[in-house]
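A.B. asks: Please find query_23.txt (compact mmCIF, C-alpha atoms) on the next line:
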# COMPACT_ATOMS: atom_id res chain seq x y z
CA MET A 413 12.11 -13.84 -7.99
CA PRO A 414 12.46 -16.63 -10.59
CA ASP A 415 14.37 -16.06 -13.81
CA ALA A 416 12.32 -14.27 -16.44
CA PRO A 417 10.90 -16.81 -18.89
CA ARG A 418 10.66 -16.24 -22.63
CA ALA A 419 8.04 -13.80 -23.82
CA ARG A 420 5.60 -16.50 -24.96
CA ASP A 421 5.53 -17.91 -21.42
CA ARG A 422 5.03 -14.55 -19.77
CA ARG A 423 1.27 -14.78 -19.61
CA ALA A 424 1.43 -18.18 -17.90
CA TRP A 425 4.03 -16.81 -15.50
CA LEU A 426 1.84 -13.83 -14.65
CA LEU A 427 -1.24 -16.00 -14.13
CA GLY A 428 0.76 -18.21 -11.78
CA VAL A 429 1.91 -15.16 -9.85
CA LEU A 430 -1.66 -13.88 -9.55
CA VAL A 431 -2.78 -17.25 -8.18
CA ALA A 432 0.09 -17.12 -5.67
CA HIS A 433 -1.30 -13.72 -4.62
CA GLY A 434 -4.61 -15.30 -3.63
CA LEU A 435 -6.70 -15.26 -6.80
CA ALA A 436 -8.50 -18.34 -8.06
CA PRO A 437 -7.37 -19.32 -11.60
CA VAL A 438 -10.56 -17.86 -13.08
CA GLY A 439 -10.04 -14.67 -11.08
CA ALA A 440 -6.44 -14.44 -12.30
CA GLN A 441 -7.59 -14.83 -15.91
CA ALA A 442 -10.19 -12.11 -15.46
CA LEU A 443 -7.72 -9.73 -13.84
CA TRP A 444 -5.21 -10.36 -16.62
CA ARG A 445 -7.82 -9.70 -19.33
CA MET A 446 -8.94 -6.54 -17.54
CA GLY A 447 -5.35 -5.32 -17.16
CA VAL A 448 -4.63 -5.87 -20.85
CA ALA A 449 -7.76 -3.92 -21.81
CA LEU A 450 -7.00 -1.06 -19.42
CA ARG A 451 -3.41 -0.82 -20.65
CA ALA A 452 -4.67 -0.53 -24.24
CA ARG A 453 -6.90 2.37 -23.17
CA THR A 454 -4.02 3.99 -21.32
CA LEU A 455 -1.77 3.75 -24.38
CA GLN A 456 -4.45 5.47 -26.45
CA THR A 457 -5.34 8.22 -24.03
CA LYS A 458 -2.28 8.49 -21.71
CA ARG A 459 -4.72 8.36 -18.79
CA GLU A 460 -4.77 6.01 -15.83
CA TYR A 461 -7.63 3.48 -15.49
CA GLY A 462 -8.58 0.95 -12.85
CA ALA A 463 -11.09 -1.82 -12.19
CA PHE A 464 -11.97 -4.56 -9.71
CA VAL A 465 -12.78 -8.22 -10.17
CA ASP A 466 -14.02 -10.86 -7.76
CA ALA A 467 -10.91 -12.84 -6.82
CA GLU A 468 -12.84 -16.13 -6.78
CA THR A 469 -15.24 -15.86 -9.70
CA GLY A 470 -13.51 -13.28 -11.90
CA ALA A 471 -16.74 -11.28 -12.19
CA PRO A 472 -16.11 -7.57 -12.67
CA PHE A 473 -17.19 -5.39 -9.76
CA GLY A 474 -18.39 -1.94 -10.79
CA ASP A 475 -17.42 0.09 -13.81
CA VAL A 476 -13.97 0.91 -15.09
CA LEU A 477 -12.61 3.93 -13.20
CA SER A 478 -10.66 6.67 -14.91
CA ALA A 479 -8.20 8.76 -12.97
CA ASP A 480 -8.43 12.44 -12.28
CA GLY A 481 -4.85 13.33 -13.11
CA ASP A 482 -2.84 10.61 -11.37
CA GLU A 483 -5.43 9.89 -8.69
CA LEU A 484 -7.87 7.02 -8.98
CA GLU A 485 -10.90 7.41 -6.73
CA ALA A 486 -11.99 3.90 -5.79
CA GLY A 487 -13.67 4.70 -2.47
CA PRO A 488 -17.30 4.25 -3.56
CA LEU A 489 -16.56 0.81 -5.01
CA LEU A 490 -14.48 -0.28 -2.02
CA ARG A 491 -17.25 0.76 0.36
CA ALA A 492 -19.87 -1.08 -1.70
CA MET A 493 -18.03 -4.42 -1.58
CA PRO A 494 -19.99 -7.02 0.36
CA PRO A 495 -18.16 -8.38 3.40
CA GLY A 496 -17.08 -11.97 3.00
CA ARG A 497 -16.14 -11.59 -0.67
CA ARG A 498 -12.56 -11.04 -1.87
CA TYR A 499 -11.62 -8.67 -4.67
CA ALA A 500 -8.57 -7.81 -6.72
CA ALA A 501 -7.83 -4.41 -8.19
CA VAL A 502 -5.87 -3.62 -11.31
CA HIS A 503 -4.91 -0.16 -12.45
CA THR A 504 -2.54 1.28 -14.97
CA HIS A 505 0.68 3.20 -14.42
CA PRO A 506 1.27 5.01 -17.71
CA GLU A 507 4.93 5.72 -16.90
CA GLY A 508 5.59 2.17 -15.73
CA PHE A 509 6.45 2.85 -12.11
CA SER A 510 5.90 0.35 -9.33
CA PHE A 511 3.45 1.01 -6.50
CA SER A 512 3.15 4.32 -4.77
CA ALA A 513 3.02 4.27 -0.98
CA THR A 514 -0.71 4.99 -1.11
CA ASP A 515 -1.32 2.05 -3.48
CA ALA A 516 -0.05 -0.25 -0.73
CA LEU A 517 -1.87 1.70 1.98
CA VAL A 518 -5.18 1.30 0.12
CA LEU A 519 -4.56 -2.46 0.00
CA VAL A 520 -3.82 -2.71 3.72
CA ALA A 521 -6.60 -0.31 4.75
CA HIS A 522 -9.22 -2.30 2.84
CA ALA A 523 -7.99 -5.83 3.57
CA PRO A 524 -9.23 -8.52 3.71
CA THR A 525 -12.00 -7.55 1.28
CA LEU A 526 -9.38 -6.13 -1.06
CA ARG A 527 -7.11 -9.13 -1.51
CA THR A 528 -4.66 -8.06 -4.19
CA VAL A 529 -3.61 -4.92 -6.04
CA ALA A 530 -1.95 -5.06 -9.44
CA ALA A 531 -0.54 -2.27 -11.55
CA VAL A 532 0.16 -2.55 -15.27
CA GLY A 533 2.79 -0.26 -16.68
CA GLY A 534 2.55 1.42 -20.03
CA HIS A 535 5.53 -0.70 -21.12
CA GLY A 536 3.65 -3.91 -20.25
CA VAL A 537 5.32 -4.71 -16.93
CA TRP A 538 2.98 -5.94 -14.18
CA TYR A 539 3.45 -5.30 -10.46
CA VAL A 540 1.44 -7.32 -7.94
CA LEU A 541 1.03 -6.74 -4.21
CA SER A 542 -0.98 -8.64 -1.62
CA LEU A 543 -1.00 -9.48 2.06
CA ALA A 544 0.93 -12.67 2.81
CA LEU A 545 -1.61 -15.36 3.70
CA ASP A 546 0.12 -16.42 6.90
CA ARG A 547 0.82 -12.96 8.35
CA GLU A 548 -1.07 -10.28 10.22
CA PRO A 549 -1.64 -7.11 8.20
CA PRO A 550 0.97 -4.45 8.95
CA ALA A 551 0.08 -1.13 10.54
CA LEU A 552 -0.52 1.57 7.94
CA GLU A 553 2.03 3.79 9.66
CA ASP A 554 4.67 1.05 9.39
CA VAL A 555 4.08 0.67 5.64
CA PHE A 556 4.43 4.39 5.10
CA ALA A 557 7.56 4.66 7.25
CA ALA A 558 9.24 1.64 5.66
CA PHE A 559 8.58 2.98 2.16
CA ARG A 560 9.95 6.41 3.00
CA GLN A 561 13.05 5.08 4.82
CA GLU A 562 14.02 2.56 2.15
CA ARG A 563 13.37 5.04 -0.64
CA ASP A 564 15.63 7.62 0.98
CA ALA A 565 18.30 5.03 1.79
CA LEU A 566 18.45 3.84 -1.82
CA ALA A 567 18.31 7.29 -3.43
CA PRO A 568 22.09 8.00 -3.44
CA ALA A 569 22.76 4.77 -5.37
CA TYR A 570 20.27 5.75 -8.08
CA GLN A 571 21.64 9.29 -8.13
CA ARG A 572 25.09 7.83 -8.85
CA LEU A 573 23.71 5.68 -11.68
CA MET A 574 22.08 8.77 -13.16
CA GLU A 575 25.23 10.84 -12.87
CA GLU A 576 27.20 8.04 -14.56
CA GLY A 577 24.68 8.11 -17.41
CA ALA A 578 23.56 4.51 -16.76
CA LEU A 579 19.95 5.58 -16.13
CA THR A 580 17.79 8.52 -17.09
CA ARG A 581 15.93 10.22 -14.25
CA ARG A 582 12.71 8.48 -15.33
CA ALA A 583 14.40 5.08 -15.48
CA ALA A 584 15.97 5.70 -12.08
CA GLN A 585 12.56 6.53 -10.61
CA ARG A 586 11.06 3.42 -12.20
CA GLU A 587 13.75 1.01 -11.00
CA HIS A 588 14.03 2.70 -7.64
CA SER A 589 10.28 2.36 -6.97
CA HIS A 590 10.50 -1.37 -7.76
CA THR A 591 13.56 -1.99 -5.58
CA VAL A 592 11.93 -0.28 -2.61
CA TRP A 593 8.99 -2.70 -2.70
CA GLU A 594 11.20 -5.70 -3.37
CA ARG A 595 13.15 -4.89 -0.21
CA ILE A 596 10.42 -3.85 2.23
CA ALA A 597 7.53 -6.16 1.31
CA PRO A 598 8.67 -9.36 3.11
CA ALA A 599 9.32 -7.65 6.45
CA LEU A 600 5.89 -5.99 6.28
CA GLY A 601 4.12 -9.28 5.62
CA LEU A 602 3.39 -8.34 2.03
CA ARG A 603 3.99 -10.39 -1.08
CA TYR A 604 5.36 -8.42 -4.02
CA ASP A 605 6.21 -9.45 -7.57
CA ARG A 606 7.18 -7.80 -10.83
CA VAL A 607 6.39 -9.71 -14.02
CA MET B 1225 2.50 11.90 14.92
CA ALA B 1226 2.98 14.75 12.47
CA THR B 1227 5.45 14.18 9.68
CA THR B 1228 7.47 16.51 7.53
CA ALA B 1229 7.64 16.06 3.79
CA ARG B 1230 9.52 17.37 0.79
CA ARG B 1231 7.71 19.83 -1.46
CA GLY B 1232 4.86 18.01 -3.19
CA GLU B 1233 5.20 14.91 -1.02
CA LEU B 1234 2.37 13.50 1.04
CA THR B 1235 2.63 13.59 4.81
CA LEU B 1236 1.73 10.46 6.77
CA GLU B 1237 -1.60 12.00 7.72
CA GLU B 1238 -2.46 12.84 4.10
CA ALA B 1239 -1.42 9.40 2.88
CA LEU B 1240 -3.52 7.64 5.53
CA ALA B 1241 -6.55 9.80 4.76
CA LYS B 1242 -6.27 9.00 1.06
CA ALA B 1243 -5.82 5.28 1.71
CA ARG B 1244 -8.86 5.10 3.99
CA ALA B 1245 -10.87 7.01 1.38
CA GLY B 1246 -9.78 4.48 -1.26
CA ILE B 1247 -7.75 6.86 -3.41
CA PHE B 1248 -4.83 5.37 -5.35
CA ASP B 1249 -2.55 8.40 -5.48
CA ASP B 1250 0.03 7.81 -8.20
CA ARG B 1251 1.37 11.36 -8.49
CA LEU B 1252 5.03 10.71 -9.02
CA ASP B 1253 6.13 13.84 -7.18
CA ALA B 1254 4.09 12.68 -4.19
CA PHE B 1255 6.03 9.45 -3.74
CA MET B 1256 9.28 9.68 -5.73
CA PRO B 1257 10.20 13.39 -5.74
CA PRO B 1258 12.74 14.28 -8.44
CA GLU B 1259 14.91 16.01 -5.82
CA LEU B 1260 15.81 12.55 -4.52
CA TYR B 1261 18.39 12.35 -7.29
CA GLY B 1262 19.94 15.75 -6.85
CA PRO B 1263 20.12 18.63 -9.32
CA PRO B 1264 19.94 18.07 -13.09
CA THR B 1265 22.95 16.17 -14.44
CA ALA B 1266 25.15 17.55 -17.23
CA ALA B 1267 23.31 15.32 -19.72
CA GLU B 1268 19.92 16.58 -18.52
CA GLN B 1269 21.07 20.21 -18.71
CA ALA B 1270 22.32 19.63 -22.25
CA ALA B 1271 19.02 18.01 -23.23
CA THR B 1272 17.08 20.94 -21.73
CA ALA B 1273 19.26 23.40 -23.66
CA ARG B 1274 18.61 21.47 -26.91
CA ARG B 1275 14.84 21.47 -26.28
CA ARG B 1276 14.89 25.23 -25.59
CA ALA B 1277 16.90 25.87 -28.77
CA ARG B 1278 14.43 23.80 -30.81
CA ARG B 1279 11.49 25.71 -29.30
CA ARG B 1280 13.16 29.07 -30.05
CA ALA B 1281 13.85 27.99 -33.63
CA ALA B 1282 10.26 26.81 -34.09
CA ALA B 1283 8.91 30.09 -32.67
CA ALA B 1284 11.18 32.09 -35.01
CA ARG B 1285 9.97 30.06 -38.02
CA ALA B 1286 6.34 30.61 -36.96
CA ARG B 1287 6.91 34.38 -36.67
CA GLN B 1288 8.54 34.43 -40.11
CA THR B 1289 5.66 32.48 -41.69
CA ASP B 1290 3.13 34.72 -39.95
CA GLY B 1291 4.93 37.86 -41.19
CA ARG B 1292 4.97 36.59 -44.78
CA ALA B 1293 1.26 35.74 -44.62
CA LYS B 1294 0.39 39.21 -43.33
CA SER B 1295 2.40 40.98 -46.07
CA ALA B 1296 0.78 38.82 -48.74
CA SER B 1297 -2.72 39.75 -47.50
CA VAL B 1298 -2.04 43.51 -47.57
Written as structure tokens, how would this file's structure read?

C.D. replies:
Amino acid sequence: MPDAPRARDRRAWLLGVLVAHGLAPVGAQALWRMGVALRARTLQTKREYGAFVDAETGAPFGDVLSADGDELEAGPLLRAMPPGRRYAAVHTHPEGFSFSATDALVLVAHAPTLRTVAAVGGHGVWYVLSLALDREPPALEDVFAAFRQERDALAPAYQRLMEEGALTRRAAQREHSHTVWERIAPALGLRYDRV
Amino acid sequence: MATTARRGELTLEEALAKARAGIFDDRLDAFMPPELYGPPTAAEQAATARRRARRRAAAARARQTDGRAKSASV
């Protein structure tokens, strides 16, 4: 991952990352605007929201979804997507965690129509996940197993950091979830970034 | 292949069913269970004790206020 640029360049950095994840520039702009709007709603209500945009044109697809608890039901929209088009999803993570295993599984299960999944944390951090353009999609079972194995392998290190007082449990969960994806994404043929 | 899971965690079968149904499941306990990091640390136990003490003090104040209001209305 490149060095973090100054805050005023962060938007340009994020837009560049979204383009690298397969969105056209106009699609990246639309996803960014949608993510900013959803994060504002999340900060007001503490709820999770999600939406889809056309990766090429930036046109929104369907209404904004609001989560039931921490579960965002996107099935009806995913099933209504016309074949041949490519879409990007953005949803909020109020606590700022990286992707859950099922976030990645939804991406892989609905590829190639679903091109990219982004999550915006309550603290303003963006996470972006997509299938690498030059790779075959991984098996769903492999994604699940890799996530679980890497998560368990890294857990003792984060437990130590917590016990030393370097991280709170929440911060450990947040950083841990990011490190898991950073480590497993390349081998699975996924592209992953945190901005 | 059936999988075992910690309490609150999704099994492989549950995770695949949710993914195919298009459900983004972000329940923290379902993918990063707190037990991963062991039992509460000394700092967490101290923080819990402070929160409990604050709640007890607030409840005592509320009872006192309630008692005074009742005696004033008699």

A.B. asks: Can you measure atom CA of B:Ala1267 to atom CA of A:Pro568 for me? One decimal in Å is fine.

C.D. replies: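 Atom CA of A:Pro568 lies 17.9 Å from atom CA of B:Ala1267.
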
A.B. asks: Please check which residues have atoms at most 12 Å from (15.3, 3.6, -12.9) in the file's coordinates, counting all atoms listed in the file, and write them as a count of residues only.

C.D. replies: 31

A.B. asks: Here is a test: counting only C-alpha atoms, which residue of B:Ala1239, B:Ala1296, B:Arg1276, B:Ala1266 is nearest to A:Glu576?

C.D. replies: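 Of B:Ala1239, B:Ala1296, B:Arg1276, B:Ala1266, the one nearest A:Glu576, counting only C-alpha atoms, is B:Ala1266.
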
A.B. asks: Chain B residues within 9 Å of chain A, counting all atoms listed in the file: which ones, as JSON, numbers by chain?

C.D. replies: {"B": [1236, 1239, 1240, 1242, 1243, 1244, 1245, 1246, 1247, 1248, 1249, 1250, 1251, 1252, 1254, 1255, 1256, 1257, 1258, 1260, 1261, 1262, 1264, 1265, 1266, 1267, 1268]}

A.B. asks: What's the 9 Å shell around A:Ala463, counting all atoms listed in the file, without same-chain residues fewer than 2 positions away, as JSON, numbers by chain?

C.D. replies: {"A": [443, 446, 447, 450, 461, 465, 472, 473, 474, 475, 476, 477, 478, 486, 500, 501, 502, 503]}

A.B. asks: Mind pulling up the distance from atom CA of A:Arg498 to atom CA of B:Leu1234?

C.D. replies: 28.9 Å

A.B. asks: Enter the distance from atom CA of A:Thr469 to atom CA of A:Val438, in Å, rounded to one decimal.

C.D. replies: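 Computing it gives 6.1 Å between the two atoms.
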
A.B. asks: Could you list as a count of residues only every residue that has an atom within 9 Å of (-2.1, -13.3, -13.0), using the file's coordinates and counting only C-alpha atoms?

C.D. replies: 21

A.B. asks: From the list A:Asp546, A:Val532, A:Ala565, A:Arg418, which residue is nearest A:Arg445 when using all atoms listed in the file?

C.D. replies: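 Nearest candidate to A:Arg445 out of A:Asp546, A:Val532, A:Ala565, A:Arg418: A:Val532.
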
A.B. asks: Could you write stretch 477-494 of chain A as a PDB file, in the frame of the given file, with N, CA and C atoms rebuilt where they are missing?

C.D. replies:
ATOM      1  N   LEU A 477     -12.841   2.593 -13.748  1.00  0.00           N
ATOM      2  CA  LEU A 477     -12.610   3.930 -13.200  1.00  0.00           C
ATOM      3  C   LEU A 477     -11.552   4.636 -14.038  1.00  0.00           C
ATOM      4  N   SER A 478     -11.734   5.908 -14.246  1.00  0.00           N
ATOM      5  CA  SER A 478     -10.660   6.670 -14.910  1.00  0.00           C
ATOM      6  C   SER A 478     -10.148   7.715 -13.933  1.00  0.00           C
ATOM      7  N   ALA A 479      -8.843   7.918 -13.966  1.00  0.00           N
ATOM      8  CA  ALA A 479      -8.200   8.760 -12.970  1.00  0.00           C
ATOM      9  C   ALA A 479      -8.429  10.233 -13.257  1.00  0.00           C
ATOM     10  N   ASP A 480      -8.444  10.989 -12.171  1.00  0.00           N
ATOM     11  CA  ASP A 480      -8.430  12.440 -12.280  1.00  0.00           C
ATOM     12  C   ASP A 480      -6.964  12.829 -12.096  1.00  0.00           C
ATOM     13  N   GLY A 481      -6.300  13.143 -13.182  1.00  0.00           N
ATOM     14  CA  GLY A 481      -4.850  13.330 -13.110  1.00  0.00           C
ATOM     15  C   GLY A 481      -4.200  11.981 -12.836  1.00  0.00           C
ATOM     16  N   ASP A 482      -3.468  11.882 -11.751  1.00  0.00           N
ATOM     17  CA  ASP A 482      -2.840  10.610 -11.370  1.00  0.00           C
ATOM     18  C   ASP A 482      -3.487  10.017 -10.135  1.00  0.00           C
ATOM     19  N   GLU A 483      -4.731  10.398  -9.865  1.00  0.00           N
ATOM     20  CA  GLU A 483      -5.430   9.890  -8.690  1.00  0.00           C
ATOM     21  C   GLU A 483      -6.667   9.106  -9.102  1.00  0.00           C
ATOM     22  N   LEU A 484      -6.738   7.871  -8.634  1.00  0.00           N
ATOM     23  CA  LEU A 484      -7.870   7.020  -8.980  1.00  0.00           C
ATOM     24  C   LEU A 484      -8.760   6.877  -7.745  1.00  0.00           C
ATOM     25  N   GLU A 485      -9.964   7.379  -7.871  1.00  0.00           N
ATOM     26  CA  GLU A 485     -10.900   7.410  -6.730  1.00  0.00           C
ATOM     27  C   GLU A 485     -11.714   6.122  -6.720  1.00  0.00           C
ATOM     28  N   ALA A 486     -11.319   5.202  -5.844  1.00  0.00           N
ATOM     29  CA  ALA A 486     -11.990   3.900  -5.790  1.00  0.00           C
ATOM     30  C   ALA A 486     -12.839   3.740  -4.536  1.00  0.00           C
ATOM     31  N   GLY A 487     -12.958   4.799  -3.743  1.00  0.00           N
ATOM     32  CA  GLY A 487     -13.670   4.700  -2.470  1.00  0.00           C
ATOM     33  C   GLY A 487     -15.094   4.177  -2.583  1.00  0.00           C
ATOM     34  N   PRO A 488     -15.919   4.725  -3.481  1.00  0.00           N
ATOM     35  CA  PRO A 488     -17.300   4.250  -3.560  1.00  0.00           C
ATOM     36  C   PRO A 488     -17.393   2.748  -3.849  1.00  0.00           C
ATOM     37  N   LEU A 489     -16.523   2.248  -4.710  1.00  0.00           N
ATOM     38  CA  LEU A 489     -16.560   0.810  -5.010  1.00  0.00           C
ATOM     39  C   LEU A 489     -16.076  -0.009  -3.815  1.00  0.00           C
ATOM     40  N   LEU A 490     -15.015   0.457  -3.170  1.00  0.00           N
ATOM     41  CA  LEU A 490     -14.480  -0.280  -2.020  1.00  0.00           C
ATOM     42  C   LEU A 490     -15.525  -0.356  -0.899  1.00  0.00           C
ATOM     43  N   ARG A 491     -16.254   0.735  -0.718  1.00  0.00           N
ATOM     44  CA  ARG A 491     -17.250   0.760   0.360  1.00  0.00           C
ATOM     45  C   ARG A 491     -18.485  -0.082   0.008  1.00  0.00           C
ATOM     46  N   ALA A 492     -18.690  -0.304  -1.280  1.00  0.00           N
ATOM     47  CA  ALA A 492     -19.870  -1.080  -1.700  1.00  0.00           C
ATOM     48  C   ALA A 492     -19.596  -2.580  -1.735  1.00  0.00           C
ATOM     49  N   MET A 493     -18.352  -2.992  -1.486  1.00  0.00           N
ATOM     50  CA  MET A 493     -18.030  -4.420  -1.580  1.00  0.00           C
ATOM     51  C   MET A 493     -18.656  -5.176  -0.424  1.00  0.00           C
ATOM     52  N   PRO A 494     -19.361  -6.265  -0.729  1.00  0.00           N
ATOM     53  CA  PRO A 494     -19.990  -7.020   0.360  1.00  0.00           C
ATOM     54  C   PRO A 494     -18.948  -7.725   1.215  1.00  0.00           C
TER      55      PRO A 494
END
